[in-house]
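Listing of target-v8.pdb, PDB, C-alpha atoms
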```
ATOM      1  CA  MET A 622     155.224  60.284  93.989
ATOM      2  CA  GLU A 623     153.798  57.463  91.855
ATOM      3  CA  ILE A 624     151.258  56.580  94.554
ATOM      4  CA  ILE A 625     149.962  60.166  94.590
ATOM      5  CA  LYS A 626     149.606  60.077  90.804
ATOM      6  CA  GLN A 627     147.687  56.795  90.896
ATOM      7  CA  ASP A 628     145.412  58.104  93.650
ATOM      8  CA  PHE A 629     144.767  61.257  91.638
ATOM      9  CA  GLU A 630     143.912  59.234  88.512
ATOM     10  CA  LYS A 631     141.565  57.036  90.536
ATOM     11  CA  ARG A 632     139.791  60.083  91.952
ATOM     12  CA  SER A 633     139.535  61.629  88.500
ATOM     13  CA  LEU A 634     137.869  58.466  87.210
ATOM     14  CA  GLU A 635     135.427  58.421  90.118
ATOM     15  CA  LEU A 636     134.601  62.089  89.558
ATOM     16  CA  GLY A 637     134.094  61.431  85.865
ATOM     17  CA  ARG A 638     131.625  58.672  86.670
ATOM     18  CA  LYS A 639     129.764  60.883  89.141
ATOM     19  CA  ILE A 640     129.515  63.654  86.553
ATOM     20  CA  GLU A 641     128.123  61.169  84.009
ATOM     21  CA  GLN A 642     125.550  59.955  86.538
ATOM     22  CA  LEU A 643     124.536  63.536  87.313
ATOM     23  CA  LYS A 644     124.166  64.322  83.607
ATOM     24  CA  GLU A 645     121.943  61.267  83.148
ATOM     25  CA  GLU A 646     119.856  62.237  86.180
ATOM     26  CA  LYS A 647     119.538  65.793  84.892
ATOM     27  CA  MET A 648     118.368  64.493  81.511
ATOM     28  CA  ARG A 649     115.806  62.226  83.188
ATOM     29  CA  ILE A 650     114.527  65.090  85.332
ATOM     30  CA  GLY A 651     114.343  67.280  82.229
ATOM     31  CA  LEU A 652     112.332  64.602  80.432
ATOM     32  CA  ASP A 653     110.012  64.230  83.429
ATOM     33  CA  ILE A 654     109.396  67.981  83.427
ATOM     34  CA  ASP A 655     108.703  67.942  79.670
ATOM     35  CA  VAL A 656     106.191  65.130  80.141
ATOM     36  CA  GLN A 657     104.485  67.020  82.971
ATOM     37  CA  LYS A 658     104.278  70.158  80.811
ATOM     38  CA  LEU A 659     102.675  68.131  78.016
ATOM     39  CA  GLU A 660     100.171  66.645  80.451
ATOM     40  CA  LEU A 661      99.316  70.109  81.773
ATOM     41  CA  THR A 662      98.746  71.595  78.323
ATOM     42  CA  ASN A 663      96.455  68.773  77.179
TER      43      ASN A 663
END
```
When written as structure tokens, how does the structure in this file appear?
Amino acid sequence: MEIIKQDFEKRSLELGRKIEQLKEEKMRIGLDIDVQKLELTN
């Protein structure tokens, strides 16, 4: 039972990291799009 719990916690941590990475990527993509919009309007 303890092994399952540890495995679950490990997976949760990994998922948390992946979600953080995705959020950062999304922010970067959003910034890129904003920059492109600015370049288009100028």
The centre and edge lengths of an axis-aligned box containing all atoms of range 628-642 of chain A present in the file, extended by 5 Å on each side, are to be given in Å to one decimal, as AutoDock Vina command-line options.
```
--center_x 135.5 --center_y 60.3 --center_z 88.8 --size_x 29.9 --size_y 16.6 --size_z 19.6
```
Please indicate the distance in Å from CA of Glu645 in chain A to CA of Glu660 in chain A, rounded to one decimal place. 22.6 Å
What gap, in Å, lies between CA of Glu646 in chain A and CA of Lys631 in chain A? 22.7 Å
Provide range 630-648 of chain A of the preceding structure as a file containing N, CA and C atoms, as a PDB file, in the first residue's frame.
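Output (out.pdb):
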```
ATOM      1  N   GLU A 630       2.395   9.857  -5.399  1.00  0.00           N
ATOM      2  CA  GLU A 630       2.966  11.163  -5.065  1.00  0.00           C
ATOM      3  C   GLU A 630       4.014  11.572  -6.088  1.00  0.00           C
ATOM      4  N   LYS A 631       4.822  10.605  -6.518  1.00  0.00           N
ATOM      5  CA  LYS A 631       5.849  10.873  -7.523  1.00  0.00           C
ATOM      6  C   LYS A 631       5.205  11.329  -8.834  1.00  0.00           C
ATOM      7  N   ARG A 632       4.154  10.624  -9.233  1.00  0.00           N
ATOM      8  CA  ARG A 632       3.458  10.985 -10.475  1.00  0.00           C
ATOM      9  C   ARG A 632       2.808  12.355 -10.358  1.00  0.00           C
ATOM     10  N   SER A 633       2.265  12.654  -9.197  1.00  0.00           N
ATOM     11  CA  SER A 633       1.636  13.956  -8.980  1.00  0.00           C
ATOM     12  C   SER A 633       2.666  15.066  -9.137  1.00  0.00           C
ATOM     13  N   LEU A 634       3.851  14.851  -8.572  1.00  0.00           N
ATOM     14  CA  LEU A 634       4.931  15.829  -8.695  1.00  0.00           C
ATOM     15  C   LEU A 634       5.320  16.032 -10.150  1.00  0.00           C
ATOM     16  N   GLU A 635       5.469  14.929 -10.874  1.00  0.00           N
ATOM     17  CA  GLU A 635       5.849  15.006 -12.286  1.00  0.00           C
ATOM     18  C   GLU A 635       4.788  15.752 -13.083  1.00  0.00           C
ATOM     19  N   LEU A 636       3.528  15.454 -12.799  1.00  0.00           N
ATOM     20  CA  LEU A 636       2.424  16.141 -13.484  1.00  0.00           C
ATOM     21  C   LEU A 636       2.448  17.630 -13.168  1.00  0.00           C
ATOM     22  N   GLY A 637       2.689  17.942 -11.903  1.00  0.00           N
ATOM     23  CA  GLY A 637       2.766  19.342 -11.492  1.00  0.00           C
ATOM     24  C   GLY A 637       3.836  20.083 -12.259  1.00  0.00           C
ATOM     25  N   ARG A 638       4.988  19.448 -12.421  1.00  0.00           N
ATOM     26  CA  ARG A 638       6.083  20.063 -13.173  1.00  0.00           C
ATOM     27  C   ARG A 638       5.698  20.266 -14.629  1.00  0.00           C
ATOM     28  N   LYS A 639       5.055  19.256 -15.211  1.00  0.00           N
ATOM     29  CA  LYS A 639       4.639  19.349 -16.618  1.00  0.00           C
ATOM     30  C   LYS A 639       3.657  20.495 -16.802  1.00  0.00           C
ATOM     31  N   ILE A 640       2.721  20.623 -15.862  1.00  0.00           N
ATOM     32  CA  ILE A 640       1.727  21.694 -15.938  1.00  0.00           C
ATOM     33  C   ILE A 640       2.430  23.049 -15.865  1.00  0.00           C
ATOM     34  N   GLU A 641       3.410  23.179 -14.959  1.00  0.00           N
ATOM     35  CA  GLU A 641       4.164  24.429 -14.858  1.00  0.00           C
ATOM     36  C   GLU A 641       4.871  24.746 -16.168  1.00  0.00           C
ATOM     37  N   GLN A 642       5.501  23.735 -16.763  1.00  0.00           N
ATOM     38  CA  GLN A 642       6.202  23.926 -18.035  1.00  0.00           C
ATOM     39  C   GLN A 642       5.231  24.374 -19.115  1.00  0.00           C
ATOM     40  N   LEU A 643       4.058  23.752 -19.149  1.00  0.00           N
ATOM     41  CA  LEU A 643       3.051  24.112 -20.154  1.00  0.00           C
ATOM     42  C   LEU A 643       2.578  25.545 -19.951  1.00  0.00           C
ATOM     43  N   LYS A 644       2.389  25.944 -18.690  1.00  0.00           N
ATOM     44  CA  LYS A 644       1.963  27.314 -18.407  1.00  0.00           C
ATOM     45  C   LYS A 644       3.008  28.305 -18.894  1.00  0.00           C
ATOM     46  N   GLU A 645       4.292  27.999 -18.621  1.00  0.00           N
ATOM     47  CA  GLU A 645       5.371  28.873 -19.070  1.00  0.00           C
ATOM     48  C   GLU A 645       5.402  28.966 -20.590  1.00  0.00           C
ATOM     49  N   GLU A 646       5.251  27.812 -21.252  1.00  0.00           N
ATOM     50  CA  GLU A 646       5.240  27.788 -22.716  1.00  0.00           C
ATOM     51  C   GLU A 646       4.083  28.619 -23.249  1.00  0.00           C
ATOM     52  N   LYS A 647       2.923  28.455 -22.636  1.00  0.00           N
ATOM     53  CA  LYS A 647       1.728  29.184 -23.063  1.00  0.00           C
ATOM     54  C   LYS A 647       1.964  30.691 -22.921  1.00  0.00           C
ATOM     55  N   MET A 648       2.584  31.097 -21.813  1.00  0.00           N
ATOM     56  CA  MET A 648       2.876  32.509 -21.604  1.00  0.00           C
ATOM     57  C   MET A 648       3.834  33.023 -22.670  1.00  0.00           C
TER      58      MET A 648
END
```
